[in-house]
Amino acid sequence: FPALAAAADKVTPVVPLKWRRLSRRGRGLLPDAGRLPFSSRVRMQQQPKDYLERNADGSPVMPFTANGALIECLGEVNVDNPKFHSRNYIWPLGYRSSRLMPSLFDESVTVKYTSTIELDPETDGPLFVVTPEDAPEHRFTHHTASGVWQRCLCEVRRRASISVSGPDRFAFSDPTVRMLIQELPNADGCKEYIWRDFSKHA
C-alpha cells in the first residue's frame with residue numbers, strides 16, 4: 001500500500017520514553033519522564049505530534065498516519081445535527097481512515113480495512129462503517145464506533161466477544177486528529193462538545 005508507506009516515511013521518529021517499574025504495591029509500568037513536574041508529564045501524553053505537515057493554506061497534508069491508522073479524509077462537520085457530536089468527540093460526516101489487518105478469509109494475508117462515518121437514514125445520526133478491502137460487500141455497521149469494531153474484530157479473530165476502543169480504531173481519539181477536526185469549518189458550533197486547547201500547535 002504505497003500511500004500508507006509514503007505517509008509513514010514523513011513521520012519524524014519519536015524517541016520512546018524510558019520505563020520504570022512500580023513498587024510492590026503498584027502494578028505494571030510507568031514512563032520515566034525525568035524531572036518534569038507531574039502536570040507536564042500529563043500534557044506530554046495528550047498533546048498532538050509535532051511532525052504534522054501542512055499546506056500553504058494551513059490545511060494538513062493528506063494522508064497522514066495517526067494511532068496506527070492512515071487518515072485519508074477528515075470529512076465535514078454536520079453542525080446542524082446534534083447527533084454528530086458528543087461531549088468527547090465530533091464525528092465528521094465523510095471521515096475516513098484505514099488500517100492493515102489479517103483478512104477475514106486468510107489470516108496469513110494482510111488487507112486494508114477502511115473506517116468511515118456515514119449518515120444513517122434510519123436514525124438520522126452517524127453510521128460507523130468498517131469495510132474490508134478484499135470483501136467490500138461484507139460491510140460491518142453500527143451506531144457506535146466501538147460497536148462496529150467489535151463486530152469486525154470478533155469475526156477476524158474468530159471470537160464470540162472482544163473489548164475494543166472504536167475511537168482508537170477510527171483514530172479520532174488521537175490528539176492530532178482531534179485538533180484537526182476542531183479546525184474544520186463549523187466545528188465551533190458543536191454545542192455539547194468540550195473544546196480542547198491545542199493553540200500552541202496551531
# chains A, B, ... in the order shown; residues from 1 in each chain; ligands from 1
call {"tool": "residues_around", "arguments": {"residues": "Ser165 of chain A", "least_positions_apart": "2", "cutoff": "9 Å", "atoms": "only C-alpha atoms", "output": "list in words"}}
result
Ala145, Ser146, Gly147, Trp149, Gln150, Ser163, Pro167, Asp168, Arg169 and Phe170 of chain A
call {"tool": "write_last_selection", "arguments": {"atoms": "all heavy atoms", "output": "compact mmCIF listing (two decimals), in the first residue's frame"}}
result
# COMPACT_ATOMS: atom_id res chain seq x y z
N ALA A 145 -18.85 3.72 17.24
CA ALA A 145 -17.55 3.34 16.69
C ALA A 145 -17.03 2.06 17.32
O ALA A 145 -16.46 1.19 16.64
CB ALA A 145 -16.54 4.47 16.90
N SER A 146 -17.22 1.92 18.63
CA SER A 146 -16.76 0.70 19.30
C SER A 146 -17.57 -0.51 18.87
O SER A 146 -17.03 -1.61 18.71
CB SER A 146 -16.84 0.88 20.83
OG SER A 146 -15.93 1.87 21.28
N GLY A 147 -18.85 -0.31 18.68
CA GLY A 147 -19.72 -1.41 18.27
C GLY A 147 -19.34 -2.00 16.93
O GLY A 147 -19.32 -3.23 16.76
N TRP A 149 -16.39 -1.88 15.44
CA TRP A 149 -15.10 -2.55 15.50
C TRP A 149 -15.15 -3.84 16.32
O TRP A 149 -14.40 -4.78 16.07
CB TRP A 149 -14.03 -1.61 16.02
CG TRP A 149 -13.33 -0.92 14.88
CD1 TRP A 149 -13.48 0.37 14.46
CD2 TRP A 149 -12.38 -1.51 13.99
NE1 TRP A 149 -12.70 0.62 13.36
CE2 TRP A 149 -12.00 -0.52 13.05
CE3 TRP A 149 -11.82 -2.78 13.88
CZ2 TRP A 149 -11.09 -0.76 12.03
CZ3 TRP A 149 -10.90 -3.02 12.87
CH2 TRP A 149 -10.54 -2.02 11.96
N GLN A 150 -16.06 -3.92 17.28
CA GLN A 150 -16.27 -5.18 17.99
C GLN A 150 -16.76 -6.25 17.03
O GLN A 150 -16.27 -7.39 17.03
CB GLN A 150 -17.27 -4.98 19.13
CG GLN A 150 -16.69 -4.27 20.34
CD GLN A 150 -17.75 -3.95 21.38
OE1 GLN A 150 -18.95 -4.09 21.13
NE2 GLN A 150 -17.32 -3.52 22.55
N SER A 163 -13.15 -6.82 23.54
CA SER A 163 -13.19 -5.44 24.02
C SER A 163 -12.28 -4.59 23.15
O SER A 163 -11.11 -4.94 22.92
CB SER A 163 -12.74 -5.38 25.48
OG SER A 163 -12.72 -4.05 25.95
N PRO A 167 -13.07 4.66 19.06
CA PRO A 167 -12.38 5.92 18.77
C PRO A 167 -10.89 5.72 18.48
O PRO A 167 -10.33 6.41 17.63
CB PRO A 167 -12.60 6.73 20.05
CG PRO A 167 -13.92 6.25 20.56
CD PRO A 167 -13.92 4.77 20.27
N ASP A 168 -10.26 4.75 19.16
CA ASP A 168 -8.86 4.47 18.87
C ASP A 168 -8.70 3.84 17.49
O ASP A 168 -7.78 4.15 16.75
CB ASP A 168 -8.26 3.54 19.93
CG ASP A 168 -8.01 4.25 21.25
OD1 ASP A 168 -8.14 5.49 21.29
OD2 ASP A 168 -7.70 3.56 22.24
N ARG A 169 -9.59 2.92 17.15
CA ARG A 169 -9.51 2.23 15.85
C ARG A 169 -9.79 3.18 14.70
O ARG A 169 -9.17 3.10 13.64
CB ARG A 169 -10.48 1.06 15.83
CG ARG A 169 -10.03 -0.12 16.66
CD ARG A 169 -8.97 -0.91 15.94
NE ARG A 169 -8.33 -1.90 16.79
CZ ARG A 169 -7.52 -2.85 16.33
NH1 ARG A 169 -7.27 -2.94 15.04
NH2 ARG A 169 -6.95 -3.70 17.16
N PHE A 170 -10.75 4.08 14.90
CA PHE A 170 -11.02 5.09 13.88
C PHE A 170 -9.92 6.14 13.87
O PHE A 170 -9.70 6.81 12.87
CB PHE A 170 -12.37 5.77 14.14
CG PHE A 170 -13.53 5.09 13.49
CD1 PHE A 170 -14.08 3.93 14.02
CD2 PHE A 170 -14.12 5.62 12.35
CE1 PHE A 170 -15.17 3.31 13.43
CE2 PHE A 170 -15.21 5.02 11.74
CZ PHE A 170 -15.74 3.85 12.28
call {"tool": "residues_around", "arguments": {"residues": "Thr141 of chain A", "least_positions_apart": "6", "cutoff": "7 Å", "atoms": "only C-alpha atoms", "output": "list in words"}}
result
Leu127, Phe128, Val129, Val130 and Val148 of chain A
call {"tool": "residues_around", "arguments": {"residues": "Arg157 of chain A", "least_positions_apart": "5", "cutoff": "10 Å", "atoms": "only C-alpha atoms", "output": "MDAnalysis selection string"}}
result
chainID A and resid 102:104 107 152 162
